[in-house]
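Novice: Just target14.txt, nothing more (compact mmCIF, C-alpha atoms):
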```
# COMPACT_ATOMS: atom_id res chain seq x y z
CA MET A 531 -200.69 33.12 -69.46
CA VAL A 532 -203.72 31.55 -67.75
CA LYS A 533 -202.76 29.38 -64.79
CA PRO A 534 -204.10 25.82 -65.22
CA PRO A 535 -206.59 24.65 -62.58
CA ALA A 536 -205.49 22.40 -59.74
CA PRO A 537 -205.83 18.65 -60.47
CA ARG A 538 -208.81 18.27 -58.11
CA ASN A 539 -210.56 21.45 -59.29
CA ARG A 540 -213.92 20.32 -60.69
CA THR A 541 -215.46 23.77 -61.26
CA ILE A 542 -217.75 23.65 -64.29
CA GLN A 543 -216.47 25.83 -67.14
CA LEU A 544 -217.73 26.64 -70.63
CA SER A 545 -215.59 26.33 -73.73
CA GLU A 546 -216.31 28.87 -76.45
CA SER A 547 -217.91 26.19 -78.62
CA GLU A 548 -220.13 25.07 -75.72
CA ARG A 549 -221.15 28.66 -75.04
CA LYS A 550 -222.22 29.14 -78.65
CA GLN A 551 -224.00 25.79 -78.94
CA LEU A 552 -225.83 25.92 -75.63
CA SER A 553 -226.87 29.54 -76.17
CA THR A 554 -228.76 28.51 -79.31
CA GLU A 555 -230.82 26.06 -77.26
CA LEU A 556 -232.16 28.67 -74.83
CA PHE A 557 -235.83 29.66 -74.92
CA GLY A 558 -236.98 33.19 -75.67
CA LEU A 559 -240.33 34.35 -74.30
CA ALA A 560 -241.89 37.23 -76.23
CA SER A 561 -245.53 36.13 -76.50
CA PRO A 562 -248.05 34.24 -74.32
CA GLN A 563 -247.26 30.54 -73.95
CA SER A 564 -249.04 27.45 -72.66
CA ALA A 565 -247.82 25.60 -69.59
CA SER A 566 -246.82 22.56 -71.67
CA SER A 567 -244.65 24.65 -74.00
CA LEU A 568 -242.69 26.04 -71.05
CA GLN A 569 -242.06 22.74 -69.31
CA ASN A 570 -238.38 21.91 -68.69
CA LYS A 571 -237.13 25.08 -70.37
CA ILE A 572 -234.54 27.72 -69.57
CA ILE A 573 -235.73 31.19 -70.51
CA HIS A 574 -232.98 33.69 -71.25
CA GLY A 575 -234.57 36.95 -70.18
CA ASP A 576 -235.58 39.41 -67.48
CA ILE A 577 -238.31 38.00 -65.21
CA PHE A 578 -239.91 41.45 -64.96
CA LYS A 579 -240.40 41.37 -68.74
CA VAL A 580 -241.22 37.72 -69.41
CA ALA A 581 -243.60 37.00 -66.50
CA ASP A 582 -246.51 38.61 -68.38
CA PHE A 583 -246.25 35.89 -71.02
CA MET A 584 -246.55 33.02 -68.54
CA PRO A 585 -249.92 31.27 -68.07
CA GLU A 586 -251.94 31.43 -64.89
CA LYS A 587 -251.99 28.78 -62.16
CA PHE A 588 -249.42 26.33 -63.60
CA VAL A 589 -246.73 26.37 -60.88
CA ASP A 590 -246.67 23.89 -57.98
CA LEU A 591 -243.56 25.23 -56.24
CA LEU A 592 -241.96 28.66 -56.57
CA ILE A 593 -238.35 29.05 -55.42
CA ILE A 594 -236.99 32.60 -55.51
CA ASP A 595 -233.32 33.30 -54.86
CA PRO A 596 -233.32 37.00 -55.76
CA PRO A 597 -230.42 39.43 -55.58
CA TYR A 598 -229.90 40.19 -51.90
CA ASN A 599 -229.93 43.82 -50.84
CA LEU A 600 -226.20 44.24 -51.41
CA ASP A 601 -223.92 45.82 -53.97
CA LYS A 602 -223.16 42.73 -56.04
CA LYS A 603 -221.97 42.01 -59.56
CA PHE A 604 -223.31 38.95 -61.37
CA ASN A 605 -221.22 38.53 -64.50
CA SER A 606 -222.90 40.90 -67.01
CA THR A 607 -225.38 42.40 -64.51
CA SER A 608 -225.22 44.01 -61.10
CA PHE A 609 -227.49 44.92 -58.19
CA LYS A 610 -227.22 48.10 -56.11
CA LYS A 611 -228.07 48.18 -52.43
CA LYS A 612 -231.29 50.01 -51.56
CA SER A 613 -232.92 51.25 -48.39
CA LEU A 614 -234.97 48.59 -46.65
CA ASP A 615 -238.22 50.24 -47.79
CA GLU A 616 -236.98 50.42 -51.39
CA TYR A 617 -235.92 46.78 -51.31
CA ALA A 618 -239.34 45.80 -49.95
CA LYS A 619 -241.01 47.65 -52.86
CA TRP A 620 -238.68 45.98 -55.36
CA PHE A 621 -239.42 42.55 -53.91
CA GLU A 622 -243.17 43.19 -53.77
CA ASN A 623 -243.17 44.14 -57.45
CA LEU A 624 -241.41 40.86 -58.19
CA LEU A 625 -243.74 38.74 -56.07
CA THR A 626 -246.87 40.41 -57.46
CA ILE A 627 -246.07 39.51 -61.07
CA LEU A 628 -245.47 35.88 -60.07
CA LEU A 629 -248.56 35.31 -57.91
CA LYS A 630 -250.80 34.69 -60.92
CA THR A 631 -248.64 31.70 -61.93
CA LEU A 632 -249.28 29.83 -58.67
CA LYS A 633 -251.77 27.03 -58.22
CA GLN A 634 -254.03 27.21 -55.18
CA THR A 635 -252.00 24.35 -53.68
CA ALA A 636 -248.60 25.94 -54.39
CA SER A 637 -245.79 26.57 -51.93
CA VAL A 638 -243.23 29.38 -52.06
CA TYR A 639 -239.67 29.65 -50.73
CA ILE A 640 -237.76 32.95 -50.69
CA CYS A 641 -234.01 33.09 -50.02
CA CYS A 642 -232.58 36.19 -48.32
CA ASP A 643 -229.87 37.50 -46.03
CA TRP A 644 -230.42 38.71 -42.47
CA PHE A 645 -230.67 42.37 -43.46
CA GLY A 646 -233.42 41.90 -46.05
CA SER A 647 -235.25 39.16 -44.16
CA SER A 648 -237.69 41.49 -42.40
CA ALA A 649 -238.61 43.19 -45.67
CA VAL A 650 -239.29 39.83 -47.33
CA HIS A 651 -241.39 38.69 -44.35
CA ASN A 652 -243.53 41.84 -44.35
CA VAL A 653 -244.26 41.54 -48.06
CA LEU A 654 -245.05 37.83 -47.87
CA GLU A 655 -247.57 38.39 -45.06
CA LYS A 656 -249.55 40.73 -47.32
CA HIS A 657 -249.97 38.19 -50.11
CA LEU A 658 -249.47 34.63 -48.80
CA ILE A 659 -249.70 32.48 -45.67
CA VAL A 660 -246.29 32.55 -43.99
CA ARG A 661 -245.50 29.14 -42.51
CA ASN A 662 -241.93 29.34 -41.24
CA ARG A 663 -238.47 30.84 -41.52
CA ILE A 664 -235.57 28.47 -42.16
CA THR A 665 -232.10 29.60 -41.14
CA TRP A 666 -229.18 27.74 -42.66
CA GLU A 667 -225.50 27.89 -41.78
CA ARG A 668 -223.40 29.20 -44.63
CA GLU A 669 -220.08 27.95 -43.32
CA LYS A 670 -218.08 30.10 -45.73
CA GLY A 671 -219.05 33.30 -43.92
CA ARG A 672 -216.31 35.92 -43.73
CA GLY A 673 -214.66 36.91 -40.48
CA ALA A 674 -215.23 40.32 -38.90
CA LYS A 675 -213.22 42.38 -36.41
CA ARG A 676 -215.98 44.69 -35.15
CA ASN A 677 -219.07 42.52 -35.59
CA TRP A 678 -220.25 38.91 -35.41
CA LYS A 679 -219.19 36.75 -38.32
CA ASN A 680 -221.99 36.62 -40.90
CA CYS A 681 -222.47 32.93 -41.73
CA SER A 682 -226.22 32.33 -42.01
CA GLU A 683 -229.01 32.99 -44.48
CA ASP A 684 -232.79 32.77 -44.26
CA ILE A 685 -235.39 31.03 -46.39
CA TRP A 686 -239.03 32.04 -45.87
CA PHE A 687 -241.67 29.33 -46.41
CA ALA A 688 -245.19 30.36 -47.43
CA THR A 689 -248.22 28.83 -49.12
CA VAL A 690 -251.11 30.11 -51.20
CA SER A 691 -253.72 28.29 -49.11
CA ALA A 692 -254.18 25.74 -46.35
CA ASP A 693 -254.08 22.97 -48.95
CA TYR A 694 -250.41 22.33 -49.71
CA VAL A 695 -247.82 19.56 -49.99
CA PHE A 696 -245.36 18.80 -47.21
CA ASN A 697 -243.59 15.44 -47.44
CA VAL A 698 -242.01 15.24 -43.98
CA GLU A 699 -240.77 11.66 -44.44
CA ASP A 700 -238.76 12.68 -47.51
CA VAL A 701 -236.65 15.26 -45.69
CA LYS A 702 -235.62 13.56 -42.47
CA LEU A 703 -231.98 13.93 -41.49
CA LYS A 704 -229.69 11.06 -40.51
CA ARG A 705 -227.90 12.22 -37.34
CA ARG A 706 -225.21 10.56 -35.30
CA VAL A 707 -226.39 9.52 -31.85
CA ILE A 708 -224.68 11.35 -29.01
CA ALA A 709 -226.50 9.58 -26.17
CA PRO A 710 -227.37 6.00 -27.27
CA TYR A 711 -230.03 5.16 -24.68
CA THR A 712 -231.40 1.62 -24.51
CA ASP A 713 -234.53 0.07 -23.04
CA ASP A 714 -234.58 -2.42 -20.15
CA LYS A 715 -233.73 -5.21 -22.62
CA GLY A 716 -230.70 -3.39 -23.99
CA LYS A 717 -232.32 -2.53 -27.31
CA PRO A 718 -231.75 0.91 -28.88
CA LYS A 719 -234.33 3.60 -28.12
CA ASP A 720 -235.20 5.38 -31.37
CA TRP A 721 -231.78 4.78 -32.98
CA GLN A 722 -230.04 2.11 -35.02
CA ASN A 723 -226.64 0.46 -35.30
CA GLY A 724 -225.25 0.41 -38.82
CA SER A 725 -222.03 0.15 -40.80
CA GLU A 726 -221.66 3.92 -40.41
CA GLY A 727 -222.15 3.83 -36.64
CA GLN A 728 -225.07 4.71 -34.37
CA PHE A 729 -227.64 7.02 -35.90
CA ARG A 730 -231.28 8.09 -35.90
CA LEU A 731 -233.55 9.69 -38.48
CA THR A 732 -234.77 13.02 -37.13
CA HIS A 733 -237.63 15.27 -38.18
CA PRO A 734 -236.58 18.29 -40.22
CA SER A 735 -236.33 21.55 -38.30
CA ASN A 736 -236.04 25.16 -39.42
CA LEU A 737 -232.36 25.31 -38.41
CA TRP A 738 -230.02 23.70 -40.96
CA ASN A 739 -226.35 23.12 -40.16
CA ASP A 740 -225.75 20.28 -42.63
CA ILE A 741 -225.34 22.34 -45.82
CA THR A 742 -222.01 22.62 -47.67
CA VAL A 743 -221.62 25.65 -49.93
CA PRO A 744 -220.20 24.53 -53.31
CA PHE A 745 -216.42 24.89 -53.57
CA TRP A 746 -213.76 24.15 -56.17
CA SER A 747 -213.46 20.36 -55.69
CA MET A 748 -217.22 19.69 -55.81
CA PRO A 749 -218.65 18.60 -59.19
CA GLU A 750 -221.58 21.04 -58.91
CA ASN A 751 -219.36 24.10 -58.40
CA THR A 752 -219.43 27.06 -60.80
CA ASP A 753 -217.98 30.57 -60.71
CA HIS A 754 -221.35 32.11 -59.77
CA PRO A 755 -220.76 34.31 -56.68
CA THR A 756 -223.89 33.22 -54.77
CA GLN A 757 -224.50 29.67 -55.99
CA LYS A 758 -226.91 27.65 -53.85
CA PRO A 759 -226.09 24.00 -53.06
CA GLU A 760 -228.07 21.24 -54.73
CA LYS A 761 -228.61 19.67 -51.30
CA LEU A 762 -230.37 22.81 -50.08
CA MET A 763 -232.59 22.85 -53.16
CA ALA A 764 -233.30 19.13 -52.76
CA LYS A 765 -234.78 19.73 -49.31
CA LEU A 766 -237.15 22.41 -50.61
CA ILE A 767 -238.17 20.38 -53.65
CA LEU A 768 -238.69 17.07 -51.84
CA ALA A 769 -240.61 18.67 -48.99
CA SER A 770 -242.99 20.76 -51.08
CA SER A 771 -243.61 19.01 -54.38
CA LYS A 772 -244.53 15.66 -55.85
CA PRO A 773 -242.88 13.84 -58.78
CA GLN A 774 -243.70 15.44 -62.16
CA GLN A 775 -244.97 18.66 -60.58
CA LEU A 776 -243.53 21.94 -61.86
CA ILE A 777 -240.92 24.08 -60.12
CA LEU A 778 -240.47 27.73 -61.18
CA ASP A 779 -237.28 29.64 -60.38
CA PRO A 780 -237.10 33.19 -61.82
CA PHE A 781 -233.40 33.66 -60.92
CA ILE A 782 -231.71 30.33 -61.67
CA GLY A 783 -228.16 31.65 -61.87
CA THR A 784 -226.18 28.61 -62.98
CA GLY A 785 -229.10 26.28 -62.40
CA SER A 786 -228.91 24.58 -58.99
CA SER A 787 -232.71 24.53 -58.58
CA ILE A 788 -233.61 23.20 -62.02
CA VAL A 789 -230.77 20.66 -62.09
CA THR A 790 -231.89 19.33 -58.71
CA ALA A 791 -235.50 19.27 -59.88
CA LYS A 792 -234.46 17.15 -62.86
CA LYS A 793 -232.48 14.76 -60.68
CA LEU A 794 -235.51 14.32 -58.40
CA GLY A 795 -238.03 13.67 -61.16
CA ARG A 796 -239.75 17.07 -61.18
CA ASN A 797 -240.47 19.36 -64.11
CA PHE A 798 -239.08 22.87 -64.11
CA LEU A 799 -239.01 26.31 -65.66
CA GLY A 800 -236.01 28.55 -65.05
CA VAL A 801 -235.43 32.20 -65.93
CA GLU A 802 -232.04 33.93 -66.02
CA ILE A 803 -230.97 37.26 -67.49
CA ASP A 804 -227.29 36.40 -68.06
CA ASN A 805 -226.52 34.36 -71.17
CA ASP A 806 -223.41 32.62 -69.83
CA TYR A 807 -225.20 31.56 -66.64
CA CYS A 808 -228.01 30.13 -68.77
CA ALA A 809 -225.48 28.16 -70.81
CA LEU A 810 -223.81 26.83 -67.65
CA ALA A 811 -227.21 25.75 -66.34
CA ALA A 812 -227.91 23.98 -69.65
CA LYS A 813 -224.55 22.19 -69.42
CA ARG A 814 -225.37 21.04 -65.89
CA LEU A 815 -228.73 19.75 -67.08
CA GLN A 816 -226.95 17.66 -69.70
CA SER A 817 -224.70 16.17 -67.01
CA ALA A 818 -227.77 15.38 -64.88
CA GLU A 819 -228.93 12.98 -67.59
CA MET A 820 -226.23 10.56 -66.45
CA ASP A 821 -225.35 11.67 -62.92
CA LYS A 822 -228.25 11.89 -60.46
CA THR A 823 -226.12 12.19 -57.32
CA ILE A 824 -226.67 15.05 -54.87
CA GLN A 825 -223.93 15.84 -52.35
CA GLY A 826 -225.06 14.85 -48.83
CA TYR A 827 -228.13 12.92 -50.05
CA HIS A 828 -228.16 9.19 -50.79
CA LYS A 829 -230.92 6.61 -51.26
CA GLY A 830 -233.62 8.93 -49.97
CA ILE A 831 -231.71 10.06 -46.86
CA PHE A 832 -230.11 13.41 -46.00
CA TYR A 833 -226.86 13.13 -44.06
CA GLU A 834 -225.14 15.55 -41.69
CA ARG A 835 -222.33 17.56 -43.26
CA ASN A 836 -219.32 15.41 -44.23
CA THR A 837 -220.75 12.16 -42.83
CA LEU A 838 -221.72 10.39 -46.08
CA ASN A 839 -218.73 8.09 -46.55
CA SER A 840 -219.11 7.64 -50.31
CA GLN A 841 -218.81 11.40 -50.83
CA LYS A 842 -215.95 12.22 -48.47
```
Can you turn what I pasted into structure tokens?
Specialist:
Amino acid sequence: MVKPPAPRNRTIQLSESERKQLSTELFGLASPQSASSLQNKIIHGDIFKVADFMPEKFVDLLIIDPPYNLDKKFNSTSFKKKSLDEYAKWFENLLTILLKTLKQTASVYICCDWFGSSAVHNVLEKHLIVRNRITWEREKGRGAKRNWKNCSEDIWFATVSADYVFNVEDVKLKRRVIAPYTDDKGKPKDWQNGSEGQFRLTHPSNLWNDITVPFWSMPENTDHPTQKPEKLMAKLILASSKPQQLILDPFIGTGSSIVTAKKLGRNFLGVEIDNDYCALAAKRLQSAEMDKTIQGYHKGIFYERNTLNSQK
């Protein structure tokens, strides 16, 4: 007998009827297509096989969250750990087939763990202009008895050229003020008093400690083992794209990137090899028609972890 979920468990599940219905709505890519025909689609397929059928220079922002260099099972598929050199070759093959899709003004973000980060960096430097490395705190990291707890991941930021989008005002973080200094008239210096206390809007850095990994009581949560938070994707999308521009993600999993893109008024194209993950992503897209909320982001402002009162 299957144990019923806890009352507050909001993990997104598929009924058998939903699985069948949503699977029929997925897009197959077996011949060359125009950019307009691929807009706002989920492609059920292997990116190494379908990339050849994509047009050239139609992508404004490429977000890649590939399998990390670990032994990991993803529902119907799995990834086997390789040597660092082998992983670098695998990643370079992936990046090479996607480069043709990028506009000259495009930006690229690559997610990775600490072990594969150097391989990703070395490959990126051969093909693109590397701009920065973001490190974000994954607060669900497991404990360790003979090593430091692993609770961070990297995201490499690169561009095709010197002409690229970066909307710094759209990704400022609302931080609580620790030292509320005032001027000689007693007025706040670079901070404000509000209903939520004393705060300031700070410029985004490459160290993120405000991200919450999806868990069972969050409405965006799925059973995907490496699901990225919508808030994390929102930062990448808002910083490096404009409304109506196109976001490509060749490993959407259960759809965090494309769902966030839809909520933020961007177009998207997602690719995923697993049918059930595609269907879950399609279900989340349907929900995004009515619910545009993103955990930790409200009215154009990013909040520190667990400080947005309406979402506590």
Novice: One number please: atom CA of Trp746 of chain A to atom CA of Ala809 of chain A, in Å, one decimal.
Specialist: 19.2 Å
Novice: Write out as a short mmCIF file (atom, residue, chain, number, x, y, z; two decimals) with C-alpha atoms, in the coordinates of the input each polymer residue whose atoms come within 12 Å of Lys772 of chain A, counting all atoms listed in the file; drop sequence neighbours fewer than 6 positions from it.
Specialist:
```
data_model
loop_
_atom_site.label_atom_id
_atom_site.label_comp_id
_atom_site.auth_asym_id
_atom_site.auth_seq_id
_atom_site.Cartn_x
_atom_site.Cartn_y
_atom_site.Cartn_z
CA ASP A 590 -246.67 23.89 -57.98
CA LEU A 591 -243.56 25.23 -56.24
CA THR A 635 -252.00 24.35 -53.68
CA ALA A 636 -248.60 25.94 -54.39
CA SER A 637 -245.79 26.57 -51.93
CA TYR A 694 -250.41 22.33 -49.71
CA VAL A 695 -247.82 19.56 -49.99
CA PHE A 696 -245.36 18.80 -47.21
CA ASN A 697 -243.59 15.44 -47.44
CA ASP A 700 -238.76 12.68 -47.51
CA LEU A 766 -237.15 22.41 -50.61
CA ALA A 791 -235.50 19.27 -59.88
CA LEU A 794 -235.51 14.32 -58.40
CA GLY A 795 -238.03 13.67 -61.16
CA ARG A 796 -239.75 17.07 -61.18
CA ASN A 797 -240.47 19.36 -64.11
#
```
Novice: Just the residues within 7 Å of segment 776-783 of chain A, please, counting all atoms listed in the file, with nothing from its chain fewer than 4 positions along; format it as number ranges by chain.
Specialist: A: 577, 589-596, 787, 796-802, 807
Novice: Give me, please, the distance in Å between atom CA of Phe609 of chain A and atom CA of Asp753 of chain A, quoted to one decimal.
Specialist: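 Atom CA of Asp753 of chain A lies at a distance of 17.4 Å from atom CA of Phe609 of chain A.
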Novice: Contacts of Lys765 of chain A at 9 Å or less, counting all atoms listed in the file, minus same-chain residues fewer than 5 places along, as a ChimeraX atom specification?
Specialist: /A:700-701,760,770,832
Novice: Restricting it to C-alpha atoms, dump the selection as a short mmCIF file (atom, residue, chain, number, x, y, z; two decimals), in the coordinates of the input.
Specialist:
```
data_model
loop_
_atom_site.label_atom_id
_atom_site.label_comp_id
_atom_site.auth_asym_id
_atom_site.auth_seq_id
_atom_site.Cartn_x
_atom_site.Cartn_y
_atom_site.Cartn_z
CA ASP A 700 -238.76 12.68 -47.51
CA VAL A 701 -236.65 15.26 -45.69
CA GLU A 760 -228.07 21.24 -54.73
CA SER A 770 -242.99 20.76 -51.08
CA PHE A 832 -230.11 13.41 -46.00
#
```
